[in-house]
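Peer 1: Structure file final_11.txt (compact mmCIF, C-alpha atoms and all ligand atoms) is given on the next line.
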```txt
# COMPACT_ATOMS: atom_id res chain seq x y z
CA MET A 1 31.13 15.88 16.77
CA ALA A 2 33.98 13.41 16.09
CA GLU A 3 33.10 10.66 13.63
CA PRO A 4 32.68 7.33 15.39
CA SER A 5 34.90 4.46 14.21
CA VAL A 6 33.34 2.03 11.73
CA THR A 7 34.53 -1.22 13.30
CA SER A 8 31.53 -3.47 13.42
CA SER A 9 30.20 -5.05 16.58
CA ASN A 10 26.86 -6.31 17.81
CA PRO A 11 23.89 -4.02 18.29
CA VAL A 12 23.07 -3.27 21.89
CA ARG A 13 20.18 -0.92 21.15
CA ASP A 14 17.19 -1.26 18.84
CA VAL A 15 17.74 1.94 16.82
CA CYS A 16 16.72 0.75 13.36
CA ASP A 17 16.92 -2.33 11.15
CA TYR A 18 20.58 -2.97 12.00
CA GLU A 19 21.36 -5.27 9.06
CA LEU A 20 20.27 -2.58 6.58
CA LEU A 21 23.06 -0.32 7.86
CA PHE A 22 25.64 -2.62 6.25
CA ASP A 23 24.33 -1.88 2.74
CA CYS A 24 26.10 1.48 3.03
CA VAL A 25 29.68 1.34 1.70
CA HIS A 26 30.40 4.93 2.80
CA CYS A 27 31.12 6.14 -0.73
CA GLY A 28 29.54 9.55 -0.11
CA LEU A 29 27.87 9.69 -3.54
CA CYS A 30 24.61 10.66 -1.83
CA ALA A 31 25.99 13.81 -0.17
CA GLU A 32 25.31 16.28 -2.96
CA ALA A 33 21.74 15.00 -3.28
CA CYS A 34 21.08 15.74 0.39
CA PRO A 35 19.45 19.13 1.01
CA THR A 36 20.67 19.42 4.61
CA TYR A 37 24.26 18.62 3.65
CA ILE A 38 24.07 21.13 0.79
CA VAL A 39 23.06 23.81 3.31
CA THR A 40 25.28 22.98 6.31
CA ARG A 41 28.24 21.18 4.65
CA CYS A 42 28.44 19.13 7.85
CA GLU A 43 29.17 15.40 7.43
CA MET A 44 26.75 14.50 10.23
CA ASP A 45 23.97 16.25 8.27
CA SER A 46 24.65 14.00 5.27
CA PRO A 47 23.07 10.56 4.71
CA ARG A 48 26.43 8.86 5.28
CA GLY A 49 26.97 10.78 8.51
CA ARG A 50 23.51 9.90 9.77
CA ILE A 51 24.09 6.24 8.94
CA TYR A 52 27.32 6.41 11.00
CA LEU A 53 25.29 7.93 13.81
CA MET A 54 22.60 5.25 13.71
CA LYS A 55 25.23 2.49 13.69
CA SER A 56 27.19 4.06 16.53
CA LEU A 57 24.03 4.47 18.57
CA ALA A 58 22.97 0.89 17.83
CA GLU A 59 26.35 -0.46 18.87
CA GLY A 60 26.38 1.63 22.03
CA ARG A 61 29.50 3.53 20.97
CA ILE A 62 27.85 6.91 21.50
CA GLU A 63 24.97 8.15 23.64
CA LEU A 64 21.89 9.87 22.29
CA ALA A 65 23.00 13.36 23.31
CA ASP A 66 21.32 16.54 22.07
CA ASP A 67 23.65 16.97 19.10
CA ALA A 68 23.10 13.41 17.82
CA ALA A 69 19.32 13.90 18.08
CA ARG A 70 19.62 17.23 16.24
CA HIS A 71 21.43 15.66 13.26
CA LEU A 72 18.72 13.00 13.01
CA ASP A 73 15.89 15.51 13.53
CA LEU A 74 17.27 17.73 10.79
CA CYS A 75 16.84 14.99 8.19
CA LEU A 76 13.88 15.83 5.95
CA GLY A 77 13.10 12.21 5.13
CA CYS A 78 13.06 13.36 1.50
CA ARG A 79 14.86 10.22 0.28
CA GLY A 80 16.92 12.13 -2.25
CA CYS A 81 19.79 9.99 -0.96
CA GLU A 82 18.01 6.78 -1.95
CA THR A 83 17.81 7.92 -5.56
CA ALA A 84 21.50 8.88 -5.53
CA CYS A 85 22.76 5.76 -3.74
CA PRO A 86 24.30 3.14 -6.06
CA SER A 87 24.24 0.51 -3.28
CA GLY A 88 20.47 0.54 -2.80
CA VAL A 89 20.55 1.66 0.83
CA HIS A 90 17.00 1.78 2.25
CA TYR A 91 17.58 5.07 3.97
CA GLY A 92 13.87 5.81 4.41
CA ARG A 93 13.39 2.68 6.51
CA LEU A 94 16.53 3.43 8.51
CA ILE A 95 15.51 6.97 9.40
CA GLU A 96 11.96 5.92 10.29
CA GLY A 97 13.40 3.44 12.79
CA ALA A 98 15.84 6.02 14.15
CA ARG A 99 13.05 8.56 14.58
CA ALA A 100 11.07 6.12 16.72
CA PHE A 101 14.21 5.52 18.79
CA VAL A 102 14.83 9.26 19.27
CA GLU A 103 11.18 9.78 20.16
CA GLN A 104 11.39 7.16 22.91
CA GLU A 105 14.82 7.91 24.29
CA HIS A 106 15.29 11.66 23.96
CA ARG A 107 13.62 14.44 25.92
CA ARG A 108 13.24 17.54 23.78
CA GLY A 109 13.00 21.16 24.89
CA LEU A 110 9.59 22.54 25.88
CA VAL A 111 8.89 24.54 22.71
CA ASP A 112 9.81 21.60 20.54
CA ARG A 113 7.56 19.29 22.54
CA VAL A 114 4.62 21.69 22.29
CA LYS A 115 5.04 22.09 18.54
CA ARG A 116 5.34 18.37 17.89
CA GLY A 117 2.48 17.63 20.28
CA ALA A 118 0.21 20.11 18.47
CA VAL A 119 1.01 18.60 15.07
CA SER A 120 0.43 15.09 16.35
CA ALA A 121 -2.83 15.91 18.17
CA ILE A 122 -4.44 17.95 15.39
CA PHE A 123 -3.18 17.30 11.88
CA PRO A 124 -4.07 13.61 11.41
CA TYR A 125 -7.69 14.34 12.44
CA PRO A 126 -9.67 16.32 9.83
CA ASN A 127 -12.48 17.22 12.27
CA ARG A 128 -10.07 18.76 14.77
CA LEU A 129 -8.24 20.74 12.09
CA GLN A 130 -11.56 21.89 10.62
CA THR A 131 -12.71 23.11 14.05
CA LEU A 132 -9.44 24.90 14.69
CA LEU A 133 -9.52 26.63 11.32
CA ALA A 134 -13.20 27.69 11.45
CA PRO A 135 -12.53 31.02 13.23
CA LEU A 136 -9.62 31.70 10.90
CA LYS A 137 -11.87 31.15 7.88
CA LEU A 138 -14.22 33.77 9.30
CA VAL A 139 -11.34 36.18 9.91
CA GLU A 140 -10.26 35.64 6.30
CA CYS A 141 -13.76 36.24 4.93
CA LEU A 142 -13.74 39.56 6.82
CA GLY A 143 -10.40 40.42 5.19
CA LEU A 144 -8.60 40.48 8.55
CA ARG A 145 -5.97 37.77 8.10
CA SER A 146 -3.06 40.26 7.87
CA ALA A 147 -4.31 42.08 10.98
CA LEU A 148 -4.50 38.81 12.90
CA ARG A 149 -1.05 37.81 11.69
CA ALA A 150 0.42 41.07 12.96
CA VAL A 151 -0.60 40.42 16.57
CA MET A 152 0.44 36.75 16.70
CA PRO A 153 3.65 35.43 18.26
CA ARG A 154 6.40 34.49 15.80
CA THR A 155 5.79 30.71 15.69
CA ILE A 156 2.04 31.07 15.09
CA ARG A 157 2.73 33.76 12.46
CA ASP A 158 5.11 31.39 10.65
CA TRP A 159 2.47 28.63 10.71
CA LEU A 160 -0.23 31.05 9.50
CA ASP A 161 1.97 32.08 6.59
CA LEU A 162 2.03 28.50 5.37
CA LEU A 163 -1.75 28.23 5.21
CA PRO A 164 -3.28 28.67 1.76
CA PRO A 165 -6.32 30.97 1.32
CA LEU A 166 -9.28 29.35 3.09
CA GLU A 167 -12.25 31.34 1.84
CA PRO A 168 -14.80 29.42 -0.27
CA GLY A 169 -14.24 29.60 -4.02
CA SER A 170 -10.50 30.23 -3.77
CA ARG A 171 -9.71 26.94 -5.53
CA PRO A 172 -10.65 25.84 -9.07
CA LEU A 173 -12.95 22.90 -9.63
CA ALA A 174 -13.16 20.90 -12.85
CA SER A 175 -16.59 20.66 -14.40
CA GLY A 176 -18.39 17.55 -13.19
CA THR A 177 -18.74 16.16 -16.73
CA THR A 178 -17.97 12.45 -16.88
CA ILE A 179 -18.22 9.84 -19.57
CA ALA A 180 -19.99 6.58 -18.80
CA PRO A 181 -17.24 4.10 -17.89
CA ARG A 182 -16.91 1.08 -20.14
CA ALA A 183 -17.97 -2.25 -18.66
CA ASP A 184 -14.30 -3.22 -18.35
CA ALA A 185 -13.16 0.18 -16.94
CA SER A 186 -10.70 0.07 -14.06
CA THR A 187 -12.02 1.14 -10.69
CA VAL A 188 -10.09 3.87 -8.90
CA VAL A 189 -10.37 5.17 -5.36
CA VAL A 190 -8.90 8.49 -4.26
CA HIS A 191 -7.58 8.49 -0.71
CA HIS A 192 -8.51 11.94 0.63
CA GLY A 193 -5.80 12.16 3.29
CA CYS A 194 -6.17 14.27 6.42
CA VAL A 195 -4.84 17.82 5.98
CA THR A 196 -5.56 17.79 2.24
CA GLN A 197 -9.29 17.25 2.68
CA VAL A 198 -9.51 20.25 5.02
CA VAL A 199 -7.33 22.88 3.33
CA ALA A 200 -6.94 21.71 -0.27
CA ASN A 201 -9.93 19.50 -1.00
CA SER A 202 -10.09 20.74 -4.60
CA GLU A 203 -7.09 18.48 -5.21
CA ASN A 204 -9.07 15.42 -4.14
CA LEU A 205 -12.23 16.47 -5.98
CA ASN A 206 -10.39 17.39 -9.16
CA THR A 207 -8.45 14.13 -9.06
CA GLU A 208 -11.76 12.25 -8.89
CA ARG A 209 -13.42 14.35 -11.58
CA LEU A 210 -10.47 14.07 -13.96
CA LEU A 211 -10.36 10.31 -13.54
CA ALA A 212 -14.11 10.03 -14.07
CA ALA A 213 -13.91 12.30 -17.12
CA ALA A 214 -11.18 10.05 -18.48
CA GLY A 215 -13.41 6.98 -18.27
CA TYR A 216 -12.45 5.38 -14.96
CA ARG A 217 -15.03 4.12 -12.52
CA VAL A 218 -14.39 6.21 -9.40
CA VAL A 219 -15.49 4.81 -6.05
CA GLN A 220 -15.35 6.45 -2.62
CA ILE A 221 -14.38 5.31 0.84
CA GLU A 222 -15.94 6.97 3.82
CA PRO A 223 -14.42 8.29 6.01
CA THR A 224 -10.78 8.56 4.98
CA SER A 225 -8.29 8.06 7.77
CA CYS A 226 -4.84 9.68 7.86
CA CYS A 227 -2.35 7.50 5.97
CA GLY A 228 0.05 7.50 8.93
CA ALA A 229 2.92 9.27 7.15
CA LEU A 230 2.98 12.13 9.69
CA ASP A 231 3.45 9.57 12.47
CA LEU A 232 6.08 7.57 10.61
CA HIS A 233 8.05 10.77 10.01
CA SER A 234 7.83 11.77 13.65
CA GLY A 235 8.66 8.39 15.20
CA ASN A 236 5.16 7.34 16.28
CA ALA A 237 5.20 3.91 14.64
CA ALA A 238 2.41 2.50 16.83
CA ARG A 239 -0.20 5.04 15.73
CA ALA A 240 1.03 4.85 12.12
CA GLY A 241 0.27 1.13 12.31
CA ASN A 242 -3.26 1.83 13.56
CA PHE A 243 -3.94 4.21 10.68
CA ALA A 244 -2.45 1.72 8.24
CA ARG A 245 -4.74 -1.10 9.45
CA THR A 246 -7.83 1.13 9.14
CA ASN A 247 -6.84 2.13 5.61
CA VAL A 248 -5.99 -1.39 4.51
CA ARG A 249 -9.50 -2.53 5.53
CA ALA A 250 -11.22 0.41 3.82
CA LEU A 251 -9.13 0.31 0.64
CA LYS A 252 -9.52 -3.44 0.31
CA ASN A 253 -13.30 -3.16 0.79
CA SER A 254 -13.48 -0.46 -1.90
CA GLY A 255 -12.60 -3.15 -4.45
CA ALA A 256 -10.53 -0.60 -6.37
CA ASP A 257 -7.95 -1.71 -8.92
CA ALA A 258 -5.99 1.50 -8.39
CA ILE A 259 -5.42 3.72 -5.35
CA VAL A 260 -4.53 7.36 -5.92
CA SER A 261 -3.72 10.18 -3.54
CA ALA A 262 -3.40 13.88 -4.26
CA ALA A 263 -0.58 13.94 -1.69
CA SER A 264 2.48 12.03 -2.82
CA GLY A 265 3.57 11.49 0.80
CA CYS A 266 0.31 9.57 1.37
CA SER A 267 0.83 7.55 -1.83
CA VAL A 268 4.24 6.41 -0.61
CA ALA A 269 2.94 5.62 2.88
CA ILE A 270 0.18 3.44 1.40
CA ALA A 271 2.66 1.85 -1.02
CA GLU A 272 4.67 0.80 2.02
CA TYR A 273 1.85 -0.71 4.11
CA GLY A 274 3.00 -4.13 2.88
CA GLU A 275 6.36 -3.54 4.55
CA LEU A 276 4.91 -1.84 7.63
CA LEU A 277 2.46 -4.68 8.39
CA LYS A 278 4.53 -7.57 7.10
CA ASP A 279 4.80 -9.23 10.51
CA GLU A 280 1.05 -9.14 11.19
CA PRO A 281 -0.53 -12.33 9.80
CA GLU A 282 -4.00 -10.83 9.96
CA PHE A 283 -3.03 -7.92 7.71
CA SER A 284 0.15 -8.73 5.81
CA GLU A 285 -1.45 -10.20 2.69
CA ASP A 286 -4.11 -7.49 2.35
CA ALA A 287 -1.53 -4.80 3.08
CA ARG A 288 0.73 -6.10 0.30
CA ALA A 289 -2.23 -6.19 -2.11
CA VAL A 290 -3.26 -2.63 -1.20
CA SER A 291 0.31 -1.37 -1.58
CA SER A 292 0.67 -2.96 -4.99
CA ARG A 293 -2.36 -0.97 -6.24
CA VAL A 294 -0.96 2.51 -5.59
CA ARG A 295 -0.87 4.51 -8.84
CA ASP A 296 -0.01 8.01 -9.89
CA LEU A 297 -2.72 10.31 -11.27
CA SER A 298 -0.67 11.39 -14.28
CA ALA A 299 0.12 7.82 -15.34
CA LEU A 300 -3.57 6.88 -15.10
CA LEU A 301 -4.61 9.90 -17.16
CA LEU A 302 -1.97 9.18 -19.81
CA ASP A 303 -3.30 5.60 -20.05
CA ALA A 304 -6.91 6.71 -20.10
CA PRO A 305 -9.33 5.64 -22.76
CA ALA A 306 -10.57 9.24 -22.98
CA ASN A 307 -8.36 12.20 -22.24
CA PRO A 308 -9.89 15.38 -23.62
CA LYS A 309 -7.71 18.54 -23.78
CA ARG A 310 -8.30 22.16 -24.69
CA GLU A 311 -5.66 24.72 -25.56
CA PHE A 312 -4.21 26.58 -22.56
CA ARG A 313 -1.37 28.97 -23.34
CA CYS A 314 1.09 29.42 -20.47
CA ARG A 315 4.65 28.84 -19.30
CA VAL A 316 4.96 26.13 -16.65
CA THR A 317 7.74 24.75 -14.51
CA TYR A 318 7.37 21.46 -12.66
CA HIS A 319 8.57 20.78 -9.10
CA ASP A 320 9.25 17.12 -8.27
CA ALA A 321 7.70 16.37 -4.87
CA CYS A 322 10.24 14.22 -3.00
CA HIS A 323 8.02 11.27 -2.29
CA LEU A 324 6.74 11.12 -5.85
CA ALA A 325 10.21 11.34 -7.41
CA HIS A 326 12.34 9.52 -4.84
CA GLY A 327 9.67 7.33 -3.21
CA LEU A 328 7.63 6.19 -6.23
CA GLY A 329 10.11 7.06 -9.00
CA VAL A 330 7.50 9.13 -10.87
CA ARG A 331 9.12 11.94 -12.86
CA GLU A 332 8.24 11.65 -16.53
CA ALA A 333 4.48 11.05 -16.45
CA PRO A 334 3.46 14.45 -14.97
CA ARG A 335 5.75 16.26 -17.43
CA LYS A 336 4.36 14.21 -20.34
CA LEU A 337 0.82 14.98 -19.26
CA LEU A 338 1.53 18.71 -18.99
CA ALA A 339 3.29 18.69 -22.37
CA SER A 340 0.24 17.04 -23.94
CA ILE A 341 -1.90 20.13 -23.24
CA PRO A 342 -1.84 22.30 -26.37
CA GLY A 343 -0.25 25.69 -25.59
CA VAL A 344 1.62 24.65 -22.44
CA GLU A 345 5.32 25.41 -22.58
CA ILE A 346 7.36 23.55 -19.97
CA VAL A 347 10.59 25.03 -18.73
CA GLU A 348 12.73 22.94 -16.38
CA MET A 349 13.94 24.54 -13.18
CA PRO A 350 17.39 23.70 -11.77
CA GLU A 351 17.29 21.21 -8.86
CA SER A 352 13.64 20.38 -9.58
CA ASP A 353 13.88 17.31 -7.31
CA LEU A 354 15.61 19.00 -4.38
CA CYS A 355 13.28 19.20 -1.36
CA CYS A 356 11.46 22.53 -0.90
CA GLY A 357 11.60 22.13 2.90
CA SER A 358 7.97 21.17 3.38
CA ALA A 359 8.55 17.46 4.15
CA GLY A 360 5.29 16.65 5.95
CA SER A 361 5.34 18.72 9.13
CA TYR A 362 9.08 19.51 8.91
CA ASN A 363 8.43 23.15 8.02
CA LEU A 364 6.47 23.50 11.26
CA THR A 365 9.07 21.84 13.49
CA GLU A 366 12.33 22.84 11.73
CA PRO A 367 11.48 26.29 10.35
CA ALA A 368 15.05 27.57 9.85
CA MET A 369 16.24 24.78 7.55
CA ALA A 370 12.82 24.63 5.88
CA ARG A 371 12.99 28.37 5.10
CA GLU A 372 16.51 28.07 3.71
CA LEU A 373 15.35 25.35 1.31
CA ALA A 374 12.21 27.31 0.38
CA ARG A 375 14.39 30.30 -0.56
CA ARG A 376 16.60 28.10 -2.74
CA LYS A 377 13.54 26.57 -4.41
CA ALA A 378 11.98 29.99 -5.01
CA ASP A 379 15.24 31.29 -6.57
CA ASN A 380 15.20 28.36 -8.99
CA ILE A 381 11.53 28.90 -9.82
CA VAL A 382 11.84 32.64 -10.37
CA ALA A 383 14.79 32.02 -12.73
CA THR A 384 12.50 30.07 -15.09
CA ASN A 385 10.21 33.04 -15.66
CA ALA A 386 7.26 30.64 -15.49
CA GLU A 387 3.67 31.71 -14.80
CA TYR A 388 2.81 28.46 -13.02
CA VAL A 389 4.70 26.04 -10.78
CA VAL A 390 2.92 22.71 -11.00
CA LEU A 391 3.48 19.98 -8.42
CA ALA A 392 1.75 16.92 -7.03
CA ASN A 393 1.79 17.41 -3.30
CA PRO A 394 -0.22 19.92 -1.23
CA GLY A 395 2.56 20.37 1.34
CA CYS A 396 5.00 21.52 -1.35
CA GLU A 397 2.30 23.85 -2.67
CA PHE A 398 1.83 25.58 0.71
CA GLN A 399 5.57 25.85 1.34
CA ILE A 400 6.54 27.22 -2.08
CA ALA A 401 3.51 29.52 -2.32
CA ALA A 402 4.34 31.03 1.09
CA GLU A 403 7.90 31.81 0.00
CA LEU A 404 6.77 33.30 -3.32
CA ARG A 405 4.14 35.41 -1.50
CA ARG A 406 6.85 36.79 0.80
CA ARG A 407 8.70 37.94 -2.32
CA GLY A 408 5.58 39.49 -3.82
CA SER A 409 5.89 37.10 -6.78
CA LYS A 410 2.89 36.62 -9.09
CA ILE A 411 3.88 33.05 -10.00
CA LYS A 412 0.97 30.71 -9.27
CA VAL A 413 1.70 27.49 -7.38
CA VAL A 414 -0.83 24.85 -8.37
CA HIS A 415 -1.37 21.15 -7.75
CA LEU A 416 -1.38 19.09 -10.96
CA ALA A 417 -5.07 18.14 -10.54
CA ASP A 418 -6.06 21.79 -10.01
CA PHE A 419 -3.92 22.88 -12.95
CA LEU A 420 -5.66 20.36 -15.22
CA ALA A 421 -9.00 21.68 -13.96
CA ILE A 422 -7.97 25.25 -14.79
CA ALA A 423 -6.63 24.19 -18.18
CA SER A 424 -9.85 22.40 -19.05
CA GLN A 425 -12.14 25.39 -18.40
S1 LIG A 501 16.35 11.80 3.52
FE1 LIG A 501 16.90 13.76 2.52
S2 LIG A 501 17.63 15.07 4.19
FE2 LIG A 501 17.62 12.96 4.99
S3 LIG A 501 19.69 12.23 4.63
FE3 LIG A 501 18.48 11.60 2.82
S4 LIG A 501 18.74 13.27 1.33
FE4 LIG A 501 19.43 14.04 3.34
S1 LIG A 502 24.04 5.80 1.51
FE1 LIG A 502 24.68 4.95 -0.46
S2 LIG A 502 25.57 6.69 -1.58
FE2 LIG A 502 25.45 7.27 0.59
S3 LIG A 502 27.45 6.74 1.43
FE3 LIG A 502 26.12 4.97 1.79
S4 LIG A 502 26.44 3.64 0.01
FE4 LIG A 502 27.28 5.65 -0.54
```
Show me the file's structure as structure tokens.
Ligand code: SF4
Ligand code: SF4

Peer 2:
Amino acid sequence: MAEPSVTSSNPVRDVCDYELLFDCVHCGLCAEACPTYIVTRCEMDSPRGRIYLMKSLAEGRIELADDAARHLDLCLGCRGCETACPSGVHYGRLIEGARAFVEQEHRRGLVDRVKRGAVSAIFPYPNRLQTLLAPLKLVECLGLRSALRAVMPRTIRDWLDLLPPLEPGSRPLASGTTIAPRADASTVVVHHGCVTQVVANSENLNTERLLAAAGYRVVQIEPTSCCGALDLHSGNAARAGNFARTNVRALKNSGADAIVSAASGCSVAIAEYGELLKDEPEFSEDARAVSSRVRDLSALLLDAPANPKREFRCRVTYHDACHLAHGLGVREAPRKLLASIPGVEIVEMPESDLCCGSAGSYNLTEPAMARELARRKADNIVATNAEYVVLANPGCEFQIAAELRRRGSKIKVVHLADFLAIASQ
């Protein structure tokens, strides 16, 4: 595709927050931080190229043809470009707007529509996902998962490969020991997410147990609603807003001083409720207050009044989940926490903050690019000779573990909360 000219004019279409596009000075310093550009070497798959596209679409200088939609769809939303950008471009907000525009204005192929429809109809609703996975759990308990996989069509097989083991007892749980919180202890609530509570609930439970063991007062909200990130990433802003309102009410009513999620994508979504609901007088103030209370598990544990640790000898490498590193800027605290466990040796992997290809539901809808990035991530992990890859997002765990399983690797991929539970036993 020829690059559109950059002469400015007035927007004729509501593609994204048009004014934000002008923060980009087209320096290109973000390109080498962009996973899709690294793979394709195509300007239109770089942040700068996509910003050109959004501006050209907004100004009516190009139409939303299939190739323009493809370049936007291929963006992972990882926000590696935001970290790299010296001009402070809010790329995440731009691409969320553009996704909603593509969703409204572009008709996708049938297979794509079915895949996206399935993700949208099932994943944000824990009960539906639980029901869908119940027969698979049984198949797994009977030891027949490989046999089932063999008779499935390619797309279903690829999705099955991303699922972690489902049988009971396959995930570690920290002992329930807690210390009585001091009278002035901070109150923390753990947002259980949607997919996480069905397929990786140990990460929620361990997060709560570790916080309680460290002296925090842990409170619960019931039931937890999807944070809306899946919808924001797929252009369904209206439903994301509904989820956000439900969560703002519940999180406010919890009275918690700190809000934690085992999924970094959910943490960022909640941290941005203030922006998402800023034009709704009924919610804007509460949404801002809720967003300001989002905290990272590792930072809370490092600050904890009690933080007991036993020796655990092993070699660990740490993968930076995109939304934790690029969305919340959390990089040092998880490494510091791991390093504080006697016996843990941390070895850095190259490109630790380059997206693994998981990116919410991206690995389900864009499997080719997702697989390419998973291979690159696995190469970097294997080169460290680590026994554990620790990370703070269940989606990254499933994606990286699937790639390492394909290679027959024995490296264990473990969420930070689960790793701390293992290390404390
Ligand atoms: S969000 Fe990630 S994939 Fe998308 S343009 Fe930025 S760096 Fe590239
Ligand atoms: S997004 Fe930032 S780093 Fe990338 S081209 Fe624009 S100004 Fe430069």

Peer 1: Between A:Cys356, A:Ala269, A:Ala238, A:Leu277, which residue has the minimum interatomic distance to ligand LIG 501 (chain A), considering all atoms listed in the file?

Peer 2: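 Among the listed residues, A:Cys356 lies closest to ligand LIG 501 (chain A).
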
Peer 1: Please identify every residue of chain A that has at least one atom no farther than 7 Å from an atom of ligand LIG 501 (chain A), counting all atoms listed in the file, and for each give the shortest atom pair and the distance in Å to one decimal, arranged by chain then increasing number, as a tab-separated table.

Peer 2:
```
residue	atom	partner	partner_atom	distance
A:Ala33	CA	A:LIG501	S4	5.8
A:Cys34	CA	A:LIG501	S4	3.5
A:Pro35	CA	A:LIG501	S2	5.5
A:Thr36	CA	A:LIG501	S2	5.3
A:Tyr37	CA	A:LIG501	FE4	6.7
A:Asp45	CA	A:LIG501	S3	6.9
A:Ser46	CA	A:LIG501	S3	5.3
A:Pro47	CA	A:LIG501	S3	3.8
A:Arg50	CA	A:LIG501	S3	6.8
A:Cys75	CA	A:LIG501	FE2	3.9
A:Leu76	CA	A:LIG501	S2	4.2
A:Gly77	CA	A:LIG501	S1	3.7
A:Cys78	CA	A:LIG501	FE1	4.0
A:Arg79	CA	A:LIG501	S1	3.9
A:Gly80	CA	A:LIG501	S4	4.2
A:Cys81	CA	A:LIG501	S4	4.1
A:Glu82	CA	A:LIG501	FE3	6.8
A:Tyr91	CA	A:LIG501	FE3	6.7
A:Gly92	CA	A:LIG501	S1	6.5
```

Peer 1: Compare A:Val39, A:Leu94, A:Ala121, A:Leu301 by their minimum atom-to-atom distance to ligand LIG 502 (chain A), counting all atoms listed in the file, and give me the closest one.

Peer 2: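 The closest residue to ligand LIG 502 (chain A) is A:Leu94.
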
Peer 1: Let me know the centre plus edge lengths, in Å and rounded to one decimal, of a box with edges along x, y and z that contains all listed atoms of ligand LIG 502 (chain A) and is padded by 6 Å on every side, as JSON.

Peer 2:
```
{"center_x": 25.7, "center_y": 5.5, "center_z": 0.1, "size_x": 15.4, "size_y": 15.6, "size_z": 15.4}
```

Peer 1: Show me which residues are within 7 Å of ligand LIG 502 (chain A) counting only C-alpha atoms and all ligand atoms, and format the list as a PDB file with C-alpha atoms, in the coordinates of the input.

Peer 2:
```pdb
ATOM      1  CA  ASP A  23      24.330  -1.880   2.740  1.00  0.00           C
ATOM      2  CA  CYS A  24      26.100   1.480   3.030  1.00  0.00           C
ATOM      3  CA  VAL A  25      29.680   1.340   1.700  1.00  0.00           C
ATOM      4  CA  HIS A  26      30.400   4.930   2.800  1.00  0.00           C
ATOM      5  CA  CYS A  27      31.120   6.140  -0.730  1.00  0.00           C
ATOM      6  CA  GLY A  28      29.540   9.550  -0.110  1.00  0.00           C
ATOM      7  CA  LEU A  29      27.870   9.690  -3.540  1.00  0.00           C
ATOM      8  CA  CYS A  30      24.610  10.660  -1.830  1.00  0.00           C
ATOM      9  CA  ALA A  31      25.990  13.810  -0.170  1.00  0.00           C
ATOM     10  CA  PRO A  47      23.070  10.560   4.710  1.00  0.00           C
ATOM     11  CA  ARG A  48      26.430   8.860   5.280  1.00  0.00           C
ATOM     12  CA  CYS A  81      19.790   9.990  -0.960  1.00  0.00           C
ATOM     13  CA  ALA A  84      21.500   8.880  -5.530  1.00  0.00           C
ATOM     14  CA  CYS A  85      22.760   5.760  -3.740  1.00  0.00           C
ATOM     15  CA  PRO A  86      24.300   3.140  -6.060  1.00  0.00           C
ATOM     16  CA  SER A  87      24.240   0.510  -3.280  1.00  0.00           C
ATOM     17  CA  GLY A  88      20.470   0.540  -2.800  1.00  0.00           C
ATOM     18  CA  VAL A  89      20.550   1.660   0.830  1.00  0.00           C
ATOM     19  CA  TYR A  91      17.580   5.070   3.970  1.00  0.00           C
TER      20      TYR A  91
END
```

Peer 1: I'd like the contact shell of A:Val119 - 9 Å cut-off, only C-alpha atoms, skipping same-chain residues fewer than 5 positions apart - returned as a VMD selection string.

Peer 2: chain A and resid 114 124 230 361 364 to 365

Peer 1: Only C-alpha atoms, please: the residues just picked out, written as a CSV table (one decimal), in the coordinates of the input.

Peer 2:
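In the end it all went to selection.csv:
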```
chain,number,residue,atom,x,y,z
A,114,VAL,CA,4.6,21.7,22.3
A,124,PRO,CA,-4.1,13.6,11.4
A,230,LEU,CA,3.0,12.1,9.7
A,361,SER,CA,5.3,18.7,9.1
A,364,LEU,CA,6.5,23.5,11.3
A,365,THR,CA,9.1,21.8,13.5
```

Peer 1: Give me, as a list in words, all polymer residues having an atom no more than 10 Å from A:Asp379, counting only C-alpha atoms and skipping those fewer than 6 positions away in the same chain.

Peer 2: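 That gives Met349, Pro350, Leu373, Glu403 and Leu404 of chain A.
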
Peer 1: Out of A:Ile221, A:Ala423, A:Ala212, A:Ala229, which residue has the shortest atom-to-atom distance to A:Gly255 when counting only C-alpha atoms?

Peer 2: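 Result for the nearest residue to A:Gly255: A:Ile221.
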
Peer 1: Quick one: residues within 7 Å of A:Cys396, only C-alpha atoms counted, chain neighbours fewer than 3 positions away excluded, as a PDB file with C-alpha atoms, keeping the file's coordinate frame?

Peer 2:
```pdb
ATOM      1  CA  ALA A 321       7.700  16.370  -4.870  1.00  0.00           C
ATOM      2  CA  CYS A 356      11.460  22.530  -0.900  1.00  0.00           C
ATOM      3  CA  SER A 358       7.970  21.170   3.380  1.00  0.00           C
ATOM      4  CA  ASN A 393       1.790  17.410  -3.300  1.00  0.00           C
ATOM      5  CA  GLN A 399       5.570  25.850   1.340  1.00  0.00           C
ATOM      6  CA  ILE A 400       6.540  27.220  -2.080  1.00  0.00           C
TER       7      ILE A 400
END
```

Peer 1: Separation of atom CA of A:Leu420 and atom CA of A:Asn206, in Å?

Peer 2: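 We find that atom CA of A:Leu420 and atom CA of A:Asn206 lie 8.2 Å from each other.
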
Peer 1: Within 10 Å of A:Ala386, counting only C-alpha atoms, which residues show up once you throw out same-chain ones fewer than 4 positions away? Write them as number ranges by chain, please.

Peer 2: A: 314-318, 345-349, 381-382, 410-412

Peer 1: Using all atoms listed in the file, which of the listed residues (A:Val189, A:Val198, A:Leu144, A:Ala69) sits closest to A:Phe123?

Peer 2: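 Of A:Val189, A:Val198, A:Leu144, A:Ala69, the one nearest A:Phe123 is A:Val198, counting all atoms listed in the file.
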